[in-house]
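Structure file work-v5.cif (mmCIF, N, CA and C atoms and all ligand atoms) is printed below.
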```cif
data_data
#
loop_
_atom_site.label_atom_id
_atom_site.label_comp_id
_atom_site.auth_asym_id
_atom_site.auth_seq_id
_atom_site.Cartn_x
_atom_site.Cartn_y
_atom_site.Cartn_z
N MET A 1210 7.41 -24.79 5.35
CA MET A 1210 8.86 -24.66 5.56
C MET A 1210 9.47 -23.94 4.36
N TRP A 1211 10.19 -22.85 4.62
CA TRP A 1211 10.78 -22.05 3.55
C TRP A 1211 12.31 -22.15 3.63
N THR A 1212 12.93 -22.23 2.46
CA THR A 1212 14.40 -22.19 2.42
C THR A 1212 14.81 -20.94 1.67
N ALA A 1213 15.74 -20.18 2.25
CA ALA A 1213 16.11 -18.89 1.68
C ALA A 1213 17.24 -19.02 0.66
N ALA A 1214 17.16 -18.25 -0.39
CA ALA A 1214 18.25 -18.07 -1.35
C ALA A 1214 18.41 -16.56 -1.49
N PRO A 1215 19.50 -16.06 -2.05
CA PRO A 1215 19.71 -14.60 -2.06
C PRO A 1215 18.53 -13.83 -2.67
N TRP A 1216 17.98 -14.25 -3.76
CA TRP A 1216 16.94 -13.48 -4.42
C TRP A 1216 15.62 -14.20 -4.49
N LEU A 1217 15.60 -15.44 -4.19
CA LEU A 1217 14.37 -16.20 -4.35
C LEU A 1217 14.11 -17.01 -3.10
N MET A 1218 12.83 -17.22 -2.85
CA MET A 1218 12.47 -18.18 -1.80
C MET A 1218 11.62 -19.24 -2.45
N HIS A 1219 11.79 -20.43 -1.99
CA HIS A 1219 11.13 -21.56 -2.61
C HIS A 1219 10.39 -22.35 -1.54
N SER A 1220 9.13 -22.58 -1.75
CA SER A 1220 8.39 -23.37 -0.79
C SER A 1220 8.75 -24.84 -0.97
N SER A 1221 8.82 -25.55 0.14
CA SER A 1221 9.20 -26.96 0.04
C SER A 1221 8.17 -27.74 -0.75
N GLY A 1222 6.94 -27.21 -0.83
CA GLY A 1222 5.92 -27.87 -1.64
C GLY A 1222 6.18 -27.73 -3.13
N GLY A 1223 7.09 -26.85 -3.50
CA GLY A 1223 7.43 -26.68 -4.90
C GLY A 1223 6.38 -25.93 -5.68
N ALA A 1224 5.39 -25.39 -4.99
CA ALA A 1224 4.26 -24.79 -5.70
C ALA A 1224 4.59 -23.43 -6.29
N ARG A 1225 5.50 -22.71 -5.67
CA ARG A 1225 5.69 -21.35 -6.17
C ARG A 1225 7.06 -20.80 -5.80
N TRP A 1226 7.48 -19.91 -6.65
CA TRP A 1226 8.68 -19.13 -6.39
C TRP A 1226 8.23 -17.70 -6.23
N VAL A 1227 8.79 -16.98 -5.30
CA VAL A 1227 8.39 -15.59 -5.10
C VAL A 1227 9.62 -14.72 -5.03
N GLU A 1228 9.54 -13.58 -5.72
CA GLU A 1228 10.66 -12.66 -5.73
C GLU A 1228 10.74 -11.93 -4.39
N GLN A 1229 11.93 -11.74 -3.91
CA GLN A 1229 12.15 -10.91 -2.73
C GLN A 1229 12.35 -9.48 -3.20
N ASN A 1230 11.41 -8.59 -2.87
CA ASN A 1230 11.43 -7.26 -3.43
C ASN A 1230 11.98 -6.21 -2.49
N TYR A 1231 12.53 -6.62 -1.40
CA TYR A 1231 13.02 -5.59 -0.50
C TYR A 1231 14.43 -5.94 -0.05
N GLY A 1232 15.05 -4.97 0.61
CA GLY A 1232 16.43 -5.16 1.02
C GLY A 1232 17.37 -4.49 0.04
N GLU A 1233 17.39 -4.95 -1.19
CA GLU A 1233 18.33 -4.41 -2.18
C GLU A 1233 17.63 -3.46 -3.14
N TYR A 1234 16.37 -3.12 -2.90
CA TYR A 1234 15.63 -2.33 -3.87
C TYR A 1234 16.20 -0.92 -4.02
N ASP A 1235 16.28 -0.45 -5.27
CA ASP A 1235 16.76 0.90 -5.55
C ASP A 1235 15.58 1.86 -5.44
N MET A 1236 15.48 2.56 -4.30
CA MET A 1236 14.30 3.40 -4.04
C MET A 1236 14.27 4.63 -4.93
N THR A 1237 15.33 4.93 -5.66
CA THR A 1237 15.29 6.09 -6.56
C THR A 1237 14.29 5.86 -7.69
N ASP A 1238 13.87 4.62 -7.91
CA ASP A 1238 12.92 4.31 -8.97
C ASP A 1238 11.47 4.41 -8.52
N CYS A 1239 11.22 4.60 -7.26
CA CYS A 1239 9.86 4.44 -6.73
C CYS A 1239 9.36 5.73 -6.08
N ILE A 1240 8.25 6.24 -6.61
CA ILE A 1240 7.70 7.50 -6.11
C ILE A 1240 7.27 7.39 -4.65
N PHE A 1241 6.72 6.24 -4.26
CA PHE A 1241 6.25 6.11 -2.87
C PHE A 1241 7.42 5.92 -1.90
N CYS A 1242 8.51 5.30 -2.34
CA CYS A 1242 9.72 5.28 -1.50
C CYS A 1242 10.23 6.70 -1.28
N LYS A 1243 10.14 7.52 -2.31
CA LYS A 1243 10.60 8.91 -2.18
C LYS A 1243 9.70 9.69 -1.22
N ILE A 1244 8.40 9.45 -1.28
CA ILE A 1244 7.50 10.11 -0.32
C ILE A 1244 7.82 9.64 1.09
N ALA A 1245 8.04 8.34 1.26
CA ALA A 1245 8.35 7.79 2.59
C ALA A 1245 9.65 8.38 3.14
N ALA A 1246 10.59 8.66 2.23
CA ALA A 1246 11.88 9.22 2.65
C ALA A 1246 11.85 10.74 2.80
N GLY A 1247 10.71 11.36 2.48
CA GLY A 1247 10.59 12.81 2.57
C GLY A 1247 11.27 13.53 1.42
N GLU A 1248 11.58 12.81 0.36
CA GLU A 1248 12.30 13.42 -0.78
C GLU A 1248 11.37 14.14 -1.74
N ILE A 1249 10.10 13.74 -1.78
CA ILE A 1249 9.11 14.53 -2.51
C ILE A 1249 7.94 14.75 -1.58
N PRO A 1250 7.25 15.88 -1.74
CA PRO A 1250 6.22 16.24 -0.77
C PRO A 1250 4.94 15.42 -0.92
N ALA A 1251 4.24 15.29 0.17
CA ALA A 1251 2.91 14.68 0.17
C ALA A 1251 2.17 15.25 1.37
N ASP A 1252 0.85 15.21 1.29
CA ASP A 1252 0.01 15.70 2.39
C ASP A 1252 -0.18 14.52 3.36
N ILE A 1253 0.76 14.41 4.28
CA ILE A 1253 0.80 13.25 5.18
C ILE A 1253 -0.17 13.46 6.34
N LEU A 1254 -1.04 12.47 6.55
CA LEU A 1254 -2.07 12.54 7.59
C LEU A 1254 -1.70 11.72 8.82
N TYR A 1255 -0.87 10.72 8.62
CA TYR A 1255 -0.50 9.82 9.73
C TYR A 1255 0.81 9.15 9.38
N GLU A 1256 1.68 8.96 10.35
CA GLU A 1256 2.88 8.14 10.11
C GLU A 1256 3.39 7.57 11.41
N ASN A 1257 4.02 6.41 11.28
CA ASN A 1257 4.78 5.84 12.39
C ASN A 1257 6.03 5.20 11.80
N GLU A 1258 6.74 4.42 12.56
CA GLU A 1258 8.03 3.93 12.04
C GLU A 1258 7.88 2.94 10.90
N ASP A 1259 6.71 2.37 10.73
CA ASP A 1259 6.52 1.32 9.72
C ASP A 1259 5.68 1.74 8.52
N VAL A 1260 4.70 2.63 8.74
CA VAL A 1260 3.75 2.97 7.68
C VAL A 1260 3.49 4.47 7.66
N LEU A 1261 2.99 4.95 6.52
CA LEU A 1261 2.48 6.32 6.49
C LEU A 1261 1.25 6.41 5.60
N ALA A 1262 0.48 7.47 5.84
CA ALA A 1262 -0.76 7.70 5.10
C ALA A 1262 -0.75 9.13 4.59
N PHE A 1263 -1.09 9.30 3.30
CA PHE A 1263 -1.10 10.63 2.69
C PHE A 1263 -2.22 10.70 1.67
N ARG A 1264 -2.61 11.93 1.35
CA ARG A 1264 -3.72 12.12 0.41
C ARG A 1264 -3.30 11.76 -1.01
N ASP A 1265 -4.22 11.10 -1.73
CA ASP A 1265 -3.98 10.76 -3.12
C ASP A 1265 -3.96 12.06 -3.94
N LEU A 1266 -3.02 12.11 -4.89
CA LEU A 1266 -2.87 13.29 -5.75
C LEU A 1266 -4.07 13.49 -6.67
N ASN A 1267 -4.76 12.42 -7.00
CA ASN A 1267 -5.88 12.46 -7.94
C ASN A 1267 -7.08 11.78 -7.28
N PRO A 1268 -7.71 12.47 -6.32
CA PRO A 1268 -8.71 11.81 -5.46
C PRO A 1268 -9.94 11.36 -6.23
N GLN A 1269 -10.41 10.17 -5.88
CA GLN A 1269 -11.59 9.58 -6.49
C GLN A 1269 -12.81 9.65 -5.57
N ALA A 1270 -12.66 10.32 -4.47
CA ALA A 1270 -13.74 10.50 -3.49
C ALA A 1270 -13.36 11.69 -2.62
N PRO A 1271 -14.32 12.29 -1.90
CA PRO A 1271 -13.97 13.44 -1.04
C PRO A 1271 -12.81 13.14 -0.09
N THR A 1272 -12.78 11.94 0.45
CA THR A 1272 -11.59 11.48 1.18
C THR A 1272 -10.95 10.36 0.38
N HIS A 1273 -9.70 10.53 -0.01
CA HIS A 1273 -8.96 9.48 -0.72
C HIS A 1273 -7.53 9.52 -0.20
N VAL A 1274 -7.23 8.54 0.62
CA VAL A 1274 -5.93 8.47 1.30
C VAL A 1274 -5.24 7.18 0.89
N LEU A 1275 -3.93 7.22 0.78
CA LEU A 1275 -3.13 6.03 0.50
C LEU A 1275 -2.32 5.68 1.74
N VAL A 1276 -2.38 4.42 2.14
CA VAL A 1276 -1.56 3.93 3.26
C VAL A 1276 -0.48 3.03 2.68
N ILE A 1277 0.76 3.33 2.99
CA ILE A 1277 1.87 2.53 2.44
C ILE A 1277 2.80 2.07 3.56
N PRO A 1278 3.50 0.96 3.33
CA PRO A 1278 4.60 0.63 4.24
C PRO A 1278 5.82 1.46 3.84
N ARG A 1279 6.66 1.80 4.79
CA ARG A 1279 7.90 2.52 4.43
C ARG A 1279 8.80 1.65 3.58
N ARG A 1280 8.80 0.38 3.86
CA ARG A 1280 9.66 -0.56 3.14
C ARG A 1280 9.05 -0.90 1.79
N HIS A 1281 9.85 -0.95 0.76
CA HIS A 1281 9.35 -1.22 -0.58
C HIS A 1281 8.94 -2.68 -0.74
N ILE A 1282 7.70 -2.89 -1.12
CA ILE A 1282 7.17 -4.19 -1.56
C ILE A 1282 6.37 -3.86 -2.82
N SER A 1283 6.63 -4.53 -3.93
CA SER A 1283 6.06 -4.10 -5.21
C SER A 1283 4.57 -4.36 -5.33
N THR A 1284 4.15 -5.57 -5.03
CA THR A 1284 2.73 -5.93 -5.19
C THR A 1284 2.31 -6.85 -4.05
N LEU A 1285 1.02 -7.05 -3.94
CA LEU A 1285 0.52 -7.99 -2.93
C LEU A 1285 1.08 -9.39 -3.18
N ASN A 1286 1.35 -9.71 -4.44
CA ASN A 1286 1.91 -11.03 -4.76
C ASN A 1286 3.28 -11.26 -4.13
N ASP A 1287 3.95 -10.18 -3.75
CA ASP A 1287 5.29 -10.30 -3.19
C ASP A 1287 5.31 -10.40 -1.67
N LEU A 1288 4.13 -10.33 -1.04
CA LEU A 1288 4.08 -10.41 0.41
C LEU A 1288 4.58 -11.77 0.90
N GLN A 1289 5.27 -11.74 2.01
CA GLN A 1289 5.78 -12.94 2.65
C GLN A 1289 5.07 -13.13 4.00
N PRO A 1290 5.09 -14.33 4.54
CA PRO A 1290 4.44 -14.54 5.84
C PRO A 1290 4.92 -13.56 6.91
N GLU A 1291 6.19 -13.18 6.86
CA GLU A 1291 6.72 -12.27 7.87
C GLU A 1291 6.23 -10.83 7.69
N ASP A 1292 5.51 -10.55 6.61
CA ASP A 1292 4.93 -9.23 6.39
C ASP A 1292 3.54 -9.09 7.02
N ALA A 1293 3.05 -10.14 7.64
CA ALA A 1293 1.67 -10.12 8.15
C ALA A 1293 1.45 -8.96 9.14
N GLU A 1294 2.40 -8.75 10.02
CA GLU A 1294 2.23 -7.67 11.02
C GLU A 1294 2.24 -6.30 10.33
N LEU A 1295 3.09 -6.16 9.33
CA LEU A 1295 3.16 -4.89 8.60
C LEU A 1295 1.84 -4.57 7.91
N VAL A 1296 1.23 -5.56 7.28
CA VAL A 1296 -0.06 -5.34 6.61
C VAL A 1296 -1.14 -5.04 7.66
N GLY A 1297 -1.05 -5.67 8.79
CA GLY A 1297 -1.97 -5.35 9.89
C GLY A 1297 -1.81 -3.90 10.33
N LYS A 1298 -0.58 -3.43 10.37
CA LYS A 1298 -0.34 -2.03 10.75
C LYS A 1298 -0.90 -1.07 9.71
N MET A 1299 -0.90 -1.49 8.45
CA MET A 1299 -1.53 -0.65 7.42
C MET A 1299 -3.03 -0.52 7.69
N SER A 1300 -3.66 -1.61 8.06
CA SER A 1300 -5.11 -1.56 8.37
C SER A 1300 -5.37 -0.68 9.59
N LEU A 1301 -4.51 -0.77 10.58
CA LEU A 1301 -4.70 0.07 11.77
C LEU A 1301 -4.50 1.55 11.43
N ALA A 1302 -3.56 1.84 10.52
CA ALA A 1302 -3.38 3.23 10.08
C ALA A 1302 -4.62 3.71 9.34
N ALA A 1303 -5.21 2.84 8.50
CA ALA A 1303 -6.43 3.21 7.78
C ALA A 1303 -7.55 3.54 8.76
N LYS A 1304 -7.67 2.73 9.79
CA LYS A 1304 -8.69 2.97 10.81
C LYS A 1304 -8.48 4.33 11.49
N THR A 1305 -7.24 4.64 11.81
CA THR A 1305 -6.93 5.92 12.47
C THR A 1305 -7.26 7.09 11.54
N VAL A 1306 -6.86 6.98 10.28
CA VAL A 1306 -7.11 8.06 9.33
C VAL A 1306 -8.61 8.24 9.09
N ALA A 1307 -9.34 7.14 8.98
CA ALA A 1307 -10.79 7.23 8.78
C ALA A 1307 -11.44 7.99 9.94
N ARG A 1308 -10.99 7.72 11.14
CA ARG A 1308 -11.50 8.43 12.31
C ARG A 1308 -11.15 9.91 12.23
N GLN A 1309 -9.90 10.21 11.90
CA GLN A 1309 -9.45 11.61 11.78
C GLN A 1309 -10.24 12.35 10.72
N GLU A 1310 -10.57 11.67 9.63
CA GLU A 1310 -11.25 12.31 8.50
C GLU A 1310 -12.76 12.37 8.70
N GLY A 1311 -13.25 11.75 9.76
CA GLY A 1311 -14.68 11.82 10.07
C GLY A 1311 -15.55 10.90 9.22
N ILE A 1312 -14.96 9.84 8.67
CA ILE A 1312 -15.73 8.92 7.82
C ILE A 1312 -15.89 7.53 8.44
N ALA A 1313 -15.40 7.38 9.66
CA ALA A 1313 -15.38 6.03 10.27
C ALA A 1313 -16.79 5.47 10.43
N GLU A 1314 -17.71 6.29 10.90
CA GLU A 1314 -19.05 5.78 11.19
C GLU A 1314 -19.90 5.64 9.94
N GLU A 1315 -19.82 6.59 9.03
CA GLU A 1315 -20.65 6.50 7.81
C GLU A 1315 -20.15 5.37 6.91
N GLY A 1316 -18.85 5.10 6.96
CA GLY A 1316 -18.29 4.00 6.20
C GLY A 1316 -17.30 4.44 5.15
N TYR A 1317 -16.40 3.56 4.82
CA TYR A 1317 -15.36 3.84 3.84
C TYR A 1317 -14.92 2.53 3.22
N ARG A 1318 -14.22 2.66 2.12
CA ARG A 1318 -13.75 1.47 1.40
C ARG A 1318 -12.23 1.42 1.40
N THR A 1319 -11.68 0.22 1.59
CA THR A 1319 -10.23 0.02 1.47
C THR A 1319 -9.99 -0.92 0.30
N VAL A 1320 -8.99 -0.57 -0.52
CA VAL A 1320 -8.70 -1.32 -1.75
C VAL A 1320 -7.20 -1.45 -1.94
N PHE A 1321 -6.76 -2.66 -2.25
CA PHE A 1321 -5.41 -2.89 -2.79
C PHE A 1321 -5.60 -3.31 -4.25
N ASN A 1322 -5.07 -2.57 -5.19
CA ASN A 1322 -5.03 -3.05 -6.57
C ASN A 1322 -3.74 -3.84 -6.75
N CYS A 1323 -3.86 -5.03 -7.31
CA CYS A 1323 -2.68 -5.87 -7.49
C CYS A 1323 -2.46 -6.14 -8.98
N ASN A 1324 -1.41 -5.53 -9.49
CA ASN A 1324 -0.97 -5.68 -10.89
C ASN A 1324 -1.88 -4.91 -11.86
N ALA A 1325 -1.39 -4.78 -13.08
CA ALA A 1325 -2.01 -3.86 -14.04
C ALA A 1325 -3.47 -4.19 -14.32
N GLY A 1326 -3.81 -5.47 -14.38
CA GLY A 1326 -5.18 -5.87 -14.69
C GLY A 1326 -6.20 -5.36 -13.68
N ALA A 1327 -5.74 -5.10 -12.47
CA ALA A 1327 -6.63 -4.57 -11.43
C ALA A 1327 -6.48 -3.06 -11.29
N GLY A 1328 -5.61 -2.46 -12.12
CA GLY A 1328 -5.47 -1.01 -12.08
C GLY A 1328 -4.28 -0.50 -11.30
N GLN A 1329 -3.38 -1.39 -10.87
CA GLN A 1329 -2.21 -0.89 -10.13
C GLN A 1329 -1.29 -0.13 -11.07
N THR A 1330 -0.96 1.10 -10.69
CA THR A 1330 -0.06 1.94 -11.50
C THR A 1330 1.22 2.29 -10.76
N VAL A 1331 1.20 2.24 -9.43
CA VAL A 1331 2.41 2.48 -8.64
C VAL A 1331 2.77 1.17 -7.97
N PHE A 1332 3.97 0.68 -8.27
CA PHE A 1332 4.34 -0.66 -7.83
C PHE A 1332 5.14 -0.61 -6.52
N HIS A 1333 4.45 -0.07 -5.54
CA HIS A 1333 4.84 -0.09 -4.12
C HIS A 1333 3.50 -0.24 -3.42
N ILE A 1334 3.29 -1.33 -2.71
CA ILE A 1334 1.93 -1.63 -2.25
C ILE A 1334 1.33 -0.45 -1.48
N HIS A 1335 0.03 -0.28 -1.66
CA HIS A 1335 -0.69 0.81 -1.00
C HIS A 1335 -2.14 0.40 -0.83
N MET A 1336 -2.69 0.80 0.29
CA MET A 1336 -4.11 0.61 0.55
C MET A 1336 -4.81 1.93 0.29
N HIS A 1337 -5.75 1.93 -0.66
CA HIS A 1337 -6.59 3.11 -0.86
C HIS A 1337 -7.63 3.14 0.26
N VAL A 1338 -7.87 4.30 0.82
CA VAL A 1338 -8.95 4.50 1.79
C VAL A 1338 -9.86 5.57 1.20
N LEU A 1339 -11.07 5.17 0.84
CA LEU A 1339 -11.99 6.04 0.11
C LEU A 1339 -13.26 6.24 0.91
N GLY A 1340 -13.70 7.49 1.00
CA GLY A 1340 -14.94 7.75 1.73
C GLY A 1340 -15.46 9.15 1.45
N GLY A 1341 -16.57 9.47 2.10
CA GLY A 1341 -17.17 10.78 1.93
C GLY A 1341 -18.22 10.82 0.84
N ARG A 1342 -18.49 9.67 0.23
CA ARG A 1342 -19.58 9.55 -0.74
C ARG A 1342 -20.03 8.09 -0.71
N PRO A 1343 -21.24 7.80 -1.25
CA PRO A 1343 -21.68 6.40 -1.27
C PRO A 1343 -20.73 5.57 -2.13
N MET A 1344 -20.46 4.36 -1.68
CA MET A 1344 -19.61 3.42 -2.43
C MET A 1344 -20.50 2.32 -3.01
N HIS A 1345 -20.32 2.05 -4.28
CA HIS A 1345 -21.18 1.09 -4.94
C HIS A 1345 -20.51 -0.28 -5.06
N TRP A 1346 -21.35 -1.28 -5.28
CA TRP A 1346 -20.85 -2.65 -5.46
C TRP A 1346 -21.68 -3.32 -6.53
N PRO A 1347 -21.12 -4.04 -7.52
CA PRO A 1347 -19.69 -4.34 -7.64
C PRO A 1347 -18.86 -3.12 -8.01
N PRO A 1348 -17.57 -3.15 -7.70
CA PRO A 1348 -16.74 -1.96 -7.85
C PRO A 1348 -16.37 -1.64 -9.29
N GLY A 1349 -16.44 -2.60 -10.20
CA GLY A 1349 -16.12 -2.30 -11.60
C GLY A 1349 -14.63 -2.39 -11.90
P1 LIG A 1401 -2.95 2.42 -8.06
O1 LIG A 1401 -3.53 2.84 -9.38
O2 LIG A 1401 -1.52 1.93 -8.22
O3 LIG A 1401 -3.81 1.47 -7.27
O4 LIG A 1401 -2.90 3.73 -7.19
C1 LIG A 1401 -1.88 4.67 -7.28
C2 LIG A 1401 -2.43 5.96 -6.75
O5 LIG A 1401 -1.33 6.81 -6.49
C3 LIG A 1401 -3.33 6.69 -7.74
O6 LIG A 1401 -4.62 6.86 -7.15
C4 LIG A 1401 -2.61 8.01 -7.99
O7 LIG A 1401 -3.50 9.10 -8.08
C5 LIG A 1401 -1.70 8.12 -6.78
N1 LIG A 1401 -0.45 8.82 -7.01
C6 LIG A 1401 0.40 8.62 -8.06
N2 LIG A 1401 1.49 9.40 -7.92
C7 LIG A 1401 1.30 10.10 -6.77
C8 LIG A 1401 2.10 11.08 -6.09
O8 LIG A 1401 3.19 11.46 -6.51
N3 LIG A 1401 1.60 11.56 -4.91
C9 LIG A 1401 0.41 11.17 -4.41
N4 LIG A 1401 0.00 11.72 -3.26
N5 LIG A 1401 -0.37 10.25 -5.03
C10 LIG A 1401 0.08 9.72 -6.19
ZN ZN A 1402 8.86 1.87 -3.15
#
```
Mind turning this structure into structure tokens?
Amino acid sequence: MWTAAPWLMHSSGGARWVEQNYGEYDMTDCIFCKIAAGEIPADILYENEDVLAFRDLNPQAPTHVLVIPRRHISTLNDLQPEDAELVGKMSLAAKTVARQEGIAEEGYRTVFNCNAGAGQTVFHIHMHVLGGRPMHWPPG
């Protein structure tokens, strides 16, 4: 059971407070919001009303695509239960792009980096879709 406050939501269990990162967000600060709004260019491979996919500017594999929600959410830590469908749509977009790029059958990797310790540099959630070369494990 969740109770809403203007900027914070609090679980009745008292275990955690989570910031609400959307609604009032100033998208002029976010490069991926600008791409979603068409204000800066990107090589867009797929889009619908909720998500879009575009090529990474600094590719780490022959295919390196980023899937983002149009709506600003800073990190995976900020996801709310009502975002479940949106994250599912990101996975479906990744599947579509992988098929378009011809890497669906050979295999590809999807990655969300969450916060600086995991390598997140753009604080608008994004799923990396990497393929076209062997992927190793552990990822490092
Ligand atoms: P992160 O390090 O946050 O997981 O991933 C951010 C990714 O965004 C990086 O792989 C970086 O190359 C990519 N990136 C950063 N700025 C831009 C940009 O303006 N356009 C595109 N297409 N990719 C970007
Ligand atoms: Zn954003």
Close residues, stretch 1307-1324 of chain A itself excluded, 7 Å, only C-alpha atoms, min 3 positions apart in chain, as a ChimeraX atom specification = /A:1284-1285,1303-1304,1327-1329,1335-1341
Mind writing the picked residues with N, CA and C atoms as a PDB file, keeping the file's coordinate frame?
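Output file result_29.pdb follows:
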```
ATOM      1  N   THR A1284       4.150  -5.570  -5.030  1.00  0.00           N
ATOM      2  CA  THR A1284       2.730  -5.930  -5.190  1.00  0.00           C
ATOM      3  C   THR A1284       2.310  -6.850  -4.050  1.00  0.00           C
ATOM      4  N   LEU A1285       1.020  -7.050  -3.940  1.00  0.00           N
ATOM      5  CA  LEU A1285       0.520  -7.990  -2.930  1.00  0.00           C
ATOM      6  C   LEU A1285       1.080  -9.390  -3.180  1.00  0.00           C
ATOM      7  N   ALA A1303      -5.210   2.840   8.500  1.00  0.00           N
ATOM      8  CA  ALA A1303      -6.430   3.210   7.780  1.00  0.00           C
ATOM      9  C   ALA A1303      -7.550   3.540   8.760  1.00  0.00           C
ATOM     10  N   LYS A1304      -7.670   2.730   9.790  1.00  0.00           N
ATOM     11  CA  LYS A1304      -8.690   2.970  10.810  1.00  0.00           C
ATOM     12  C   LYS A1304      -8.480   4.330  11.490  1.00  0.00           C
ATOM     13  N   ALA A1327      -5.740  -5.100 -12.470  1.00  0.00           N
ATOM     14  CA  ALA A1327      -6.630  -4.570 -11.430  1.00  0.00           C
ATOM     15  C   ALA A1327      -6.480  -3.060 -11.290  1.00  0.00           C
ATOM     16  N   GLY A1328      -5.610  -2.460 -12.120  1.00  0.00           N
ATOM     17  CA  GLY A1328      -5.470  -1.010 -12.080  1.00  0.00           C
ATOM     18  C   GLY A1328      -4.280  -0.500 -11.300  1.00  0.00           C
ATOM     19  N   GLN A1329      -3.380  -1.390 -10.870  1.00  0.00           N
ATOM     20  CA  GLN A1329      -2.210  -0.890 -10.130  1.00  0.00           C
ATOM     21  C   GLN A1329      -1.290  -0.130 -11.070  1.00  0.00           C
ATOM     22  N   HIS A1335       0.030  -0.280  -1.660  1.00  0.00           N
ATOM     23  CA  HIS A1335      -0.690   0.810  -1.000  1.00  0.00           C
ATOM     24  C   HIS A1335      -2.140   0.400  -0.830  1.00  0.00           C
ATOM     25  N   MET A1336      -2.690   0.800   0.290  1.00  0.00           N
ATOM     26  CA  MET A1336      -4.110   0.610   0.550  1.00  0.00           C
ATOM     27  C   MET A1336      -4.810   1.930   0.290  1.00  0.00           C
ATOM     28  N   HIS A1337      -5.750   1.930  -0.660  1.00  0.00           N
ATOM     29  CA  HIS A1337      -6.590   3.110  -0.860  1.00  0.00           C
ATOM     30  C   HIS A1337      -7.630   3.140   0.260  1.00  0.00           C
ATOM     31  N   VAL A1338      -7.870   4.300   0.820  1.00  0.00           N
ATOM     32  CA  VAL A1338      -8.950   4.500   1.790  1.00  0.00           C
ATOM     33  C   VAL A1338      -9.860   5.570   1.200  1.00  0.00           C
ATOM     34  N   LEU A1339     -11.070   5.170   0.840  1.00  0.00           N
ATOM     35  CA  LEU A1339     -11.990   6.040   0.110  1.00  0.00           C
ATOM     36  C   LEU A1339     -13.260   6.240   0.910  1.00  0.00           C
ATOM     37  N   GLY A1340     -13.700   7.490   1.000  1.00  0.00           N
ATOM     38  CA  GLY A1340     -14.940   7.750   1.730  1.00  0.00           C
ATOM     39  C   GLY A1340     -15.460   9.150   1.450  1.00  0.00           C
ATOM     40  N   GLY A1341     -16.570   9.470   2.100  1.00  0.00           N
ATOM     41  CA  GLY A1341     -17.170  10.780   1.930  1.00  0.00           C
ATOM     42  C   GLY A1341     -18.220  10.820   0.840  1.00  0.00           C
TER      43      GLY A1341
END
```
inquiry  = Around ligand ZN 1402 (chain A), out to 7 Å and counting all atoms listed in the file, which residues are there? I want them as a list in words.
reply    = Met1236, Asp1238, Cys1239, Ile1240, Phe1241, Cys1242, Lys1243, Arg1279, Arg1280, His1281, Ile1282, Ser1283, Phe1332, His1333 and Ile1334 of chain A
request  = If you run DSSP over the backbone, which residues in stretch 1275-1344 of chain A end up strand (DSSP E)? Put them as a ChimeraX atom specification.
outcome  = /A:1275-1278,1317-1320,1336-1340
inquiry  = Can you measure atom C of A:Thr1330 to atom N of A:Leu1266 for me? One decimal in Å is fine.
reply    =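 These atoms are spaced 12.2 Å apart.
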task = Select, from A:Leu1288, A:Met1344, A:Val1306, A:Val1274, the residue with the minimum atom-to-atom distance to ligand LIG 1401 (chain A), counting only C-alpha atoms and all ligand atoms.
result =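 Under the stated criterion, the closest residue is A:Val1274.
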query = Which of these residues is nearest to ligand LIG 1401 (chain A), using only N, CA and C atoms and all ligand atoms: A:Pro1290, A:Pro1250, A:Gly1326, A:Pro1278?
reply =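 Among the listed residues, the smallest separation from ligand LIG 1401 (chain A) belongs to A:Pro1250.
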inquiry  = What does the structure give for the distance between atom CA of A:Val1296 and atom N of A:Leu1275, in Å to one decimal?
reply    = 14.4 Å
ask   = Which value, in Å to one decimal, gives the distance between atom C of A:Asn1267 and atom N5 of ligand LIG 1401 (chain A)?
value = 7.2 Å
query = With only N, CA and C atoms and all ligand atoms as the atoms that count, which of A:Val1331, A:Leu1301, A:Ile1253, A:Ile1244 lies nearest to ligand LIG 1401 (chain A)?
reply =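 Counting only N, CA and C atoms and all ligand atoms, the residue closest to ligand LIG 1401 (chain A) is A:Val1331.
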message = Quick check for you: according to DSSP on this backbone, which residues of chain A are classed as alpha helix (DSSP H)? Reply as a ChimeraX atom specification.
response = /A:1240-1245,1293-1310
